[in-house]
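Heads up, the thing below is written out as C-alpha cells.
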Amino acid sequence: MNFFTALIGTCKDTKVFTKLLSQSLGRAFWHLFILILICSLFILMCTYSKNSRAVDETFAQMEEVFGDIQVDQNGITPKKLSEKKSLLIADSLQKITYLPNIDKSGLPEIDADDVNSGLLWTPAMFAPWLKIGPDKFLLLPFAYCSKKQLNVESIQRSAIVSYIKDNTSVKDKFICHFPELSWSALTDYYKNMLISAEFFANLVGIFLQVSFFVMMFSFILNLSATSTRTPVLKYSTRFTIGIYASFPPLLIATMFRAFELPFLSFSSVYIICFSVYLIIVFTRLQLNFNAQTPDKAE
C-alpha cells in the first residue's frame, strides 16, 4: 500500500488496518518519515512569518541601542556606545553584552536572569554563546581580530577572559564569517539559521516522540485468541499498526502547533488523540479476529 492510500485510509476509518497488518515495518517507517517531513514543512510555513518579524524586531532593537557596527583600527565597536552595556533581547531569552575593555571590566555574569544564550561583544571579538552547563559555554566566534582562524569553542566560565586575550587583539587581522559585519547581514543569517534549526528540530523531535509512544503502546496492546487468550500478533506487526494509527493524531497535533492554538501543546494533543485512536483500532481488529476462525487469524 502506498503512502497516500494509507494516509487517506487511516484518516477515513479503521477498515484499512486489516490490510495494513501485512505491511512491512520498514515501509511503515518510510511512510511515517514522509508524513513527518510534510508536517514539519507545514509548521515552518505557518510560523515563519511570525518568527521572521521577531528576528527583525530584535535586531532593530539592537541597532537602536548600539548603532551601526564599526570595524576600524579600534576593532569592532558600536557607533553609539563606548561604555559597558548589557541588553536583554528576544523577550528576555537572550542577552547581548558589550565590553569595551575586558582587562578592566572583566567578565560579568553573562547568563544572569536565567539567560542561556546571547552575544559577547568586545573590540576584538563578536561571538554568540550558548550555555551548555552550570559554568560551561559554547562560544561561536562570528567576527574577530586574530592571527588565526577561530573555531567553535567549548569553554569554562573562568577561562573565557583568558581565551579572548590569548586569541584576539585589535592589532591583528580582521576575520569575518559574513560578506560584511552589519545588522542587516546578521538578521539574514539568523533568519536562515532559524529556518534550518526549527525545521530539523521539528523533524527529529516529532519522529522521536512518535516512535517512543508507538513503541510503548504497541508493547501494551495486542490481539488475543478468544479461547486461549494468547497474543496473536508479533510485536513488529503491532508496531506497524501503531505507526499508521499515529497518522491522524499527528495531523491534528500539527495543526495545533502550526496555528499556535491555545491550551494544549503538540505533545498533549498527539498523546490524547493517539491513545484513543489506537485503542479504537485494536478494538476493531479484535472484533474482526473474533469473527474468524483461529486458524485464519494465525
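By order of appearance in the C-alpha cells: chains A, B, ..., then residues from 1 within every chain, and ligands from 1 in the order shown.
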Tell me, as a PDB file with N, CA, C and O atoms, in the first residue's frame, which residues lie within 12 Å of range 260-272 of chain A, counting only C-alpha atoms; anything in the same chain fewer than 2 positions away does not count.
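For reference, result.pdb as written:
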```pdb
ATOM      1  N   CYS A  39       4.598  17.467   7.696  1.00  0.00           N
ATOM      2  CA  CYS A  39       4.131  18.214   8.869  1.00  0.00           C
ATOM      3  C   CYS A  39       5.146  19.272   9.296  1.00  0.00           C
ATOM      4  O   CYS A  39       4.774  20.398   9.645  1.00  0.00           O
ATOM      5  N   ILE A  43       4.455  23.282   9.454  1.00  0.00           N
ATOM      6  CA  ILE A  43       4.669  24.090  10.665  1.00  0.00           C
ATOM      7  C   ILE A  43       5.592  25.260  10.367  1.00  0.00           C
ATOM      8  O   ILE A  43       5.358  26.390  10.794  1.00  0.00           O
ATOM      9  N   LEU A  44       6.662  24.979   9.619  1.00  0.00           N
ATOM     10  CA  LEU A  44       7.623  26.024   9.272  1.00  0.00           C
ATOM     11  C   LEU A  44       6.962  27.128   8.449  1.00  0.00           C
ATOM     12  O   LEU A  44       7.166  28.318   8.700  1.00  0.00           O
ATOM     13  N   CYS A  46       3.838  28.004   8.387  1.00  0.00           N
ATOM     14  CA  CYS A  46       2.841  28.746   9.163  1.00  0.00           C
ATOM     15  C   CYS A  46       3.466  29.651  10.221  1.00  0.00           C
ATOM     16  O   CYS A  46       2.877  30.668  10.593  1.00  0.00           O
ATOM     17  N   THR A  47       4.630  29.286  10.731  1.00  0.00           N
ATOM     18  CA  THR A  47       5.243  30.045  11.824  1.00  0.00           C
ATOM     19  C   THR A  47       6.361  30.977  11.365  1.00  0.00           C
ATOM     20  O   THR A  47       6.827  31.806  12.152  1.00  0.00           O
ATOM     21  N   LYS A  50       5.805  34.971  11.598  1.00  0.00           N
ATOM     22  CA  LYS A  50       5.872  35.499  12.962  1.00  0.00           C
ATOM     23  C   LYS A  50       7.310  35.494  13.477  1.00  0.00           C
ATOM     24  O   LYS A  50       7.775  36.484  14.069  1.00  0.00           O
ATOM     25  N   ASN A 202      11.858  20.158  14.570  1.00  0.00           N
ATOM     26  CA  ASN A 202      10.535  19.546  14.412  1.00  0.00           C
ATOM     27  C   ASN A 202      10.647  18.143  13.832  1.00  0.00           C
ATOM     28  O   ASN A 202       9.993  17.207  14.303  1.00  0.00           O
ATOM     29  N   GLY A 205      12.417  15.885  16.517  1.00  0.00           N
ATOM     30  CA  GLY A 205      11.612  15.827  17.735  1.00  0.00           C
ATOM     31  C   GLY A 205      10.326  15.046  17.541  1.00  0.00           C
ATOM     32  O   GLY A 205       9.966  14.197  18.375  1.00  0.00           O
ATOM     33  N   ILE A 206       9.612  15.312  16.455  1.00  0.00           N
ATOM     34  CA  ILE A 206       8.354  14.612  16.198  1.00  0.00           C
ATOM     35  C   ILE A 206       8.610  13.132  15.939  1.00  0.00           C
ATOM     36  O   ILE A 206       7.885  12.265  16.435  1.00  0.00           O
ATOM     37  N   PHE A 207       9.644  12.831  15.168  1.00  0.00           N
ATOM     38  CA  PHE A 207       9.952  11.428  14.863  1.00  0.00           C
ATOM     39  C   PHE A 207      10.256  10.646  16.137  1.00  0.00           C
ATOM     40  O   PHE A 207       9.745   9.534  16.331  1.00  0.00           O
ATOM     41  N   LEU A 208      11.081  11.212  17.015  1.00  0.00           N
ATOM     42  CA  LEU A 208      11.425  10.518  18.256  1.00  0.00           C
ATOM     43  C   LEU A 208      10.213  10.367  19.159  1.00  0.00           C
ATOM     44  O   LEU A 208      10.014   9.313  19.784  1.00  0.00           O
ATOM     45  N   GLN A 209       9.402  11.398  19.215  1.00  0.00           N
ATOM     46  CA  GLN A 209       8.225  11.361  20.079  1.00  0.00           C
ATOM     47  C   GLN A 209       7.225  10.306  19.597  1.00  0.00           C
ATOM     48  O   GLN A 209       6.724   9.500  20.393  1.00  0.00           O
ATOM     49  N   VAL A 210       6.950  10.309  18.300  1.00  0.00           N
ATOM     50  CA  VAL A 210       6.019   9.335  17.729  1.00  0.00           C
ATOM     51  C   VAL A 210       6.552   7.923  17.923  1.00  0.00           C
ATOM     52  O   VAL A 210       5.818   7.011  18.337  1.00  0.00           O
ATOM     53  N   SER A 211       7.823   7.710  17.644  1.00  0.00           N
ATOM     54  CA  SER A 211       8.425   6.378  17.776  1.00  0.00           C
ATOM     55  C   SER A 211       8.330   5.873  19.208  1.00  0.00           C
ATOM     56  O   SER A 211       8.026   4.688  19.445  1.00  0.00           O
ATOM     57  N   PHE A 212       8.558   6.752  20.173  1.00  0.00           N
ATOM     58  CA  PHE A 212       8.518   6.344  21.585  1.00  0.00           C
ATOM     59  C   PHE A 212       7.119   5.896  21.995  1.00  0.00           C
ATOM     60  O   PHE A 212       6.946   4.831  22.615  1.00  0.00           O
ATOM     61  N   PHE A 213       6.115   6.702  21.661  1.00  0.00           N
ATOM     62  CA  PHE A 213       4.761   6.359  22.094  1.00  0.00           C
ATOM     63  C   PHE A 213       4.201   5.168  21.324  1.00  0.00           C
ATOM     64  O   PHE A 213       3.443   4.368  21.886  1.00  0.00           O
ATOM     65  N   VAL A 214       4.560   5.021  20.060  1.00  0.00           N
ATOM     66  CA  VAL A 214       4.147   3.836  19.311  1.00  0.00           C
ATOM     67  C   VAL A 214       4.773   2.595  19.937  1.00  0.00           C
ATOM     68  O   VAL A 214       4.110   1.561  20.119  1.00  0.00           O
ATOM     69  N   MET A 216       5.746   2.193  23.037  1.00  0.00           N
ATOM     70  CA  MET A 216       5.167   1.939  24.351  1.00  0.00           C
ATOM     71  C   MET A 216       3.772   1.314  24.243  1.00  0.00           C
ATOM     72  O   MET A 216       3.477   0.296  24.879  1.00  0.00           O
ATOM     73  N   PHE A 217       2.906   1.910  23.426  1.00  0.00           N
ATOM     74  CA  PHE A 217       1.548   1.396  23.297  1.00  0.00           C
ATOM     75  C   PHE A 217       1.522   0.048  22.588  1.00  0.00           C
ATOM     76  O   PHE A 217       0.677  -0.797  22.904  1.00  0.00           O
ATOM     77  N   ALA A 245      -1.599   4.178  12.970  1.00  0.00           N
ATOM     78  CA  ALA A 245      -2.617   4.765  13.841  1.00  0.00           C
ATOM     79  C   ALA A 245      -2.206   6.154  14.329  1.00  0.00           C
ATOM     80  O   ALA A 245      -3.052   6.931  14.796  1.00  0.00           O
ATOM     81  N   SER A 246      -0.924   6.464  14.205  1.00  0.00           N
ATOM     82  CA  SER A 246      -0.446   7.787  14.636  1.00  0.00           C
ATOM     83  C   SER A 246      -0.664   8.855  13.569  1.00  0.00           C
ATOM     84  O   SER A 246      -0.485  10.046  13.854  1.00  0.00           O
ATOM     85  N   PHE A 247      -1.039   8.462  12.364  1.00  0.00           N
ATOM     86  CA  PHE A 247      -1.178   9.431  11.273  1.00  0.00           C
ATOM     87  C   PHE A 247      -2.228  10.510  11.560  1.00  0.00           C
ATOM     88  O   PHE A 247      -1.906  11.708  11.519  1.00  0.00           O
ATOM     89  N   PRO A 248      -3.495  10.145  11.828  1.00  0.00           N
ATOM     90  CA  PRO A 248      -4.487  11.199  12.116  1.00  0.00           C
ATOM     91  C   PRO A 248      -4.135  12.051  13.337  1.00  0.00           C
ATOM     92  O   PRO A 248      -4.236  13.287  13.278  1.00  0.00           O
ATOM     93  N   PRO A 249      -3.697  11.445  14.480  1.00  0.00           N
ATOM     94  CA  PRO A 249      -3.295  12.280  15.617  1.00  0.00           C
ATOM     95  C   PRO A 249      -2.146  13.232  15.284  1.00  0.00           C
ATOM     96  O   PRO A 249      -2.111  14.362  15.776  1.00  0.00           O
ATOM     97  N   LEU A 250      -1.226  12.760  14.447  1.00  0.00           N
ATOM     98  CA  LEU A 250      -0.092  13.599  14.057  1.00  0.00           C
ATOM     99  C   LEU A 250      -0.555  14.809  13.255  1.00  0.00           C
ATOM    100  O   LEU A 250      -0.059  15.929  13.453  1.00  0.00           O
ATOM    101  N   LEU A 251      -1.511  14.626  12.387  1.00  0.00           N
ATOM    102  CA  LEU A 251      -2.056  15.744  11.604  1.00  0.00           C
ATOM    103  C   LEU A 251      -2.773  16.745  12.500  1.00  0.00           C
ATOM    104  O   LEU A 251      -2.624  17.956  12.333  1.00  0.00           O
ATOM    105  N   ILE A 252      -3.548  16.237  13.456  1.00  0.00           N
ATOM    106  CA  ILE A 252      -4.273  17.128  14.379  1.00  0.00           C
ATOM    107  C   ILE A 252      -3.292  17.918  15.238  1.00  0.00           C
ATOM    108  O   ILE A 252      -3.423  19.142  15.410  1.00  0.00           O
ATOM    109  N   ALA A 253      -2.284  17.237  15.789  1.00  0.00           N
ATOM    110  CA  ALA A 253      -1.286  17.913  16.631  1.00  0.00           C
ATOM    111  C   ALA A 253      -0.498  18.944  15.832  1.00  0.00           C
ATOM    112  O   ALA A 253      -0.134  20.003  16.359  1.00  0.00           O
ATOM    113  N   THR A 254      -0.242  18.646  14.560  1.00  0.00           N
ATOM    114  CA  THR A 254       0.463  19.591  13.699  1.00  0.00           C
ATOM    115  C   THR A 254      -0.324  20.883  13.545  1.00  0.00           C
ATOM    116  O   THR A 254       0.253  21.973  13.540  1.00  0.00           O
ATOM    117  N   MET A 255      -1.630  20.785  13.409  1.00  0.00           N
ATOM    118  CA  MET A 255      -2.473  21.980  13.301  1.00  0.00           C
ATOM    119  C   MET A 255      -2.365  22.835  14.561  1.00  0.00           C
ATOM    120  O   MET A 255      -2.306  24.065  14.487  1.00  0.00           O
ATOM    121  N   PHE A 256      -2.330  22.195  15.708  1.00  0.00           N
ATOM    122  CA  PHE A 256      -2.212  22.944  16.964  1.00  0.00           C
ATOM    123  C   PHE A 256      -0.900  23.718  17.017  1.00  0.00           C
ATOM    124  O   PHE A 256      -0.869  24.877  17.422  1.00  0.00           O
ATOM    125  N   ARG A 257       0.188  23.065  16.593  1.00  0.00           N
ATOM    126  CA  ARG A 257       1.477  23.760  16.632  1.00  0.00           C
ATOM    127  C   ARG A 257       1.580  24.817  15.541  1.00  0.00           C
ATOM    128  O   ARG A 257       2.062  25.928  15.783  1.00  0.00           O
ATOM    129  N   ALA A 258       1.140  24.490  14.348  1.00  0.00           N
ATOM    130  CA  ALA A 258       1.288  25.409  13.222  1.00  0.00           C
ATOM    131  C   ALA A 258       0.490  26.691  13.438  1.00  0.00           C
ATOM    132  O   ALA A 258       0.963  27.789  13.129  1.00  0.00           O
ATOM    133  N   PHE A 274      -3.747   9.949  19.921  1.00  0.00           N
ATOM    134  CA  PHE A 274      -3.141   8.674  19.555  1.00  0.00           C
ATOM    135  C   PHE A 274      -3.617   7.538  20.454  1.00  0.00           C
ATOM    136  O   PHE A 274      -3.960   6.444  19.971  1.00  0.00           O
ATOM    137  N   SER A 275      -3.637   7.776  21.766  1.00  0.00           N
ATOM    138  CA  SER A 275      -4.049   6.714  22.686  1.00  0.00           C
ATOM    139  C   SER A 275      -5.494   6.303  22.450  1.00  0.00           C
ATOM    140  O   SER A 275      -5.822   5.107  22.452  1.00  0.00           O
ATOM    141  N   VAL A 276      -6.376   7.282  22.202  1.00  0.00           N
ATOM    142  CA  VAL A 276      -7.789   6.970  21.952  1.00  0.00           C
ATOM    143  C   VAL A 276      -7.944   6.229  20.621  1.00  0.00           C
ATOM    144  O   VAL A 276      -8.627   5.196  20.536  1.00  0.00           O
ATOM    145  N   TYR A 277      -7.300   6.744  19.579  1.00  0.00           N
ATOM    146  CA  TYR A 277      -7.466   6.155  18.243  1.00  0.00           C
ATOM    147  C   TYR A 277      -6.863   4.759  18.171  1.00  0.00           C
ATOM    148  O   TYR A 277      -7.422   3.859  17.533  1.00  0.00           O
ATOM    149  N   LEU A 278      -5.724   4.547  18.822  1.00  0.00           N
ATOM    150  CA  LEU A 278      -5.085   3.234  18.771  1.00  0.00           C
ATOM    151  C   LEU A 278      -5.948   2.185  19.463  1.00  0.00           C
ATOM    152  O   LEU A 278      -6.045   1.041  19.002  1.00  0.00           O
ATOM    153  N   ILE A 279      -6.579   2.552  20.564  1.00  0.00           N
ATOM    154  CA  ILE A 279      -7.482   1.626  21.254  1.00  0.00           C
ATOM    155  C   ILE A 279      -8.670   1.277  20.350  1.00  0.00           C
ATOM    156  O   ILE A 279      -9.099   0.115  20.273  1.00  0.00           O
TER     157      ILE A 279
END
```
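In this comparison, which uses only C-alpha atoms, the residue of A:Asn192, A:Thr240, A:Gln149, A:Ser86 approaching Cys176 in chain A most closely is A:Gln149.
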Top pick for closest residue to Phe33 in chain A, considering A:Ile243, A:Ala127, A:Leu150, A:Val170 and counting only C-alpha atoms
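Closest to Phe33 in chain A, using only C-alpha atoms: A:Ile243.
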At what distance in Å, to one decimal, does CA of Val281 in chain A lie from CA of Gly242 in chain A?
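Interatomic distance, CA of Gly242 in chain A to CA of Val281 in chain A: 9.0 Å.
When only C-alpha atoms are used to compute distances to Gln70 in chain A, the closest of the residues A:Phe29, A:Trp129, A:Trp183, A:Phe137 turns out to be A:Trp183.
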My list of candidates is A:Ile38, A:Leu120, A:Val55, A:Leu233. Which is closest to Leu21 in chain A when distances are computed with only C-alpha atoms?
A:Leu233
Once DSSP has gone over the backbone, tell me which residues of range 50-199 of chain A are in strand (DSSP E or B), as number ranges by chain.
A: 69-72, 75-78, 85-89, 94-98, 117-122, 125-133, 136-139, 143-145, 153-156, 174-176
Non-local contacts of Ser236 in chain A (9 Å; only C-alpha atoms; under 5 positions in same chain excluded) as a list in words
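Close residues of Ser236 in chain A: Ser24, Leu25, Ser218 and Ile241 of chain A.
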Which residue of A:Arg53, A:Thr5, A:Tyr235, A:Val115 approaches Met215 in chain A most closely, using only C-alpha atoms:
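Among A:Arg53, A:Thr5, A:Tyr235, A:Val115, it is A:Tyr235 that comes nearest to Met215 in chain A.
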Any idea what's packed within 7 Å of Leu139 in chain A, counting only C-alpha atoms, ignoring anything in its chain fewer than 5 positions away? Could you give it as a PyMOL selection string?
chain A and resi 127-130+152-154
Between CA of Lys79 in chain A and CA of Gly67 in chain A, what distance in Å does the model show, to one decimal?
5.0 Å
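Of the residues under consideration (A:Phe282, A:Tyr244, A:Trp121, A:Phe289), A:Tyr244 shows the shortest atom-to-atom contact distance to Leu7 in chain A when counting only C-alpha atoms.
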Could you list, as a ChimeraX atom specification, every residue within 12 Å of Thr58 in chain A, counting only C-alpha atoms and ignoring same-chain residues fewer than 4 positions away?
/A:51-54,62-65,87-96,183-184,186-187,190-191
Could you pull the residues within 12 Å of Ser82 in chain A, counting only C-alpha atoms, minus those fewer than 2 positions along the same chain, as a ChimeraX atom specification?
/A:65-67,70,74,76-80,84-85,98-101,122-123
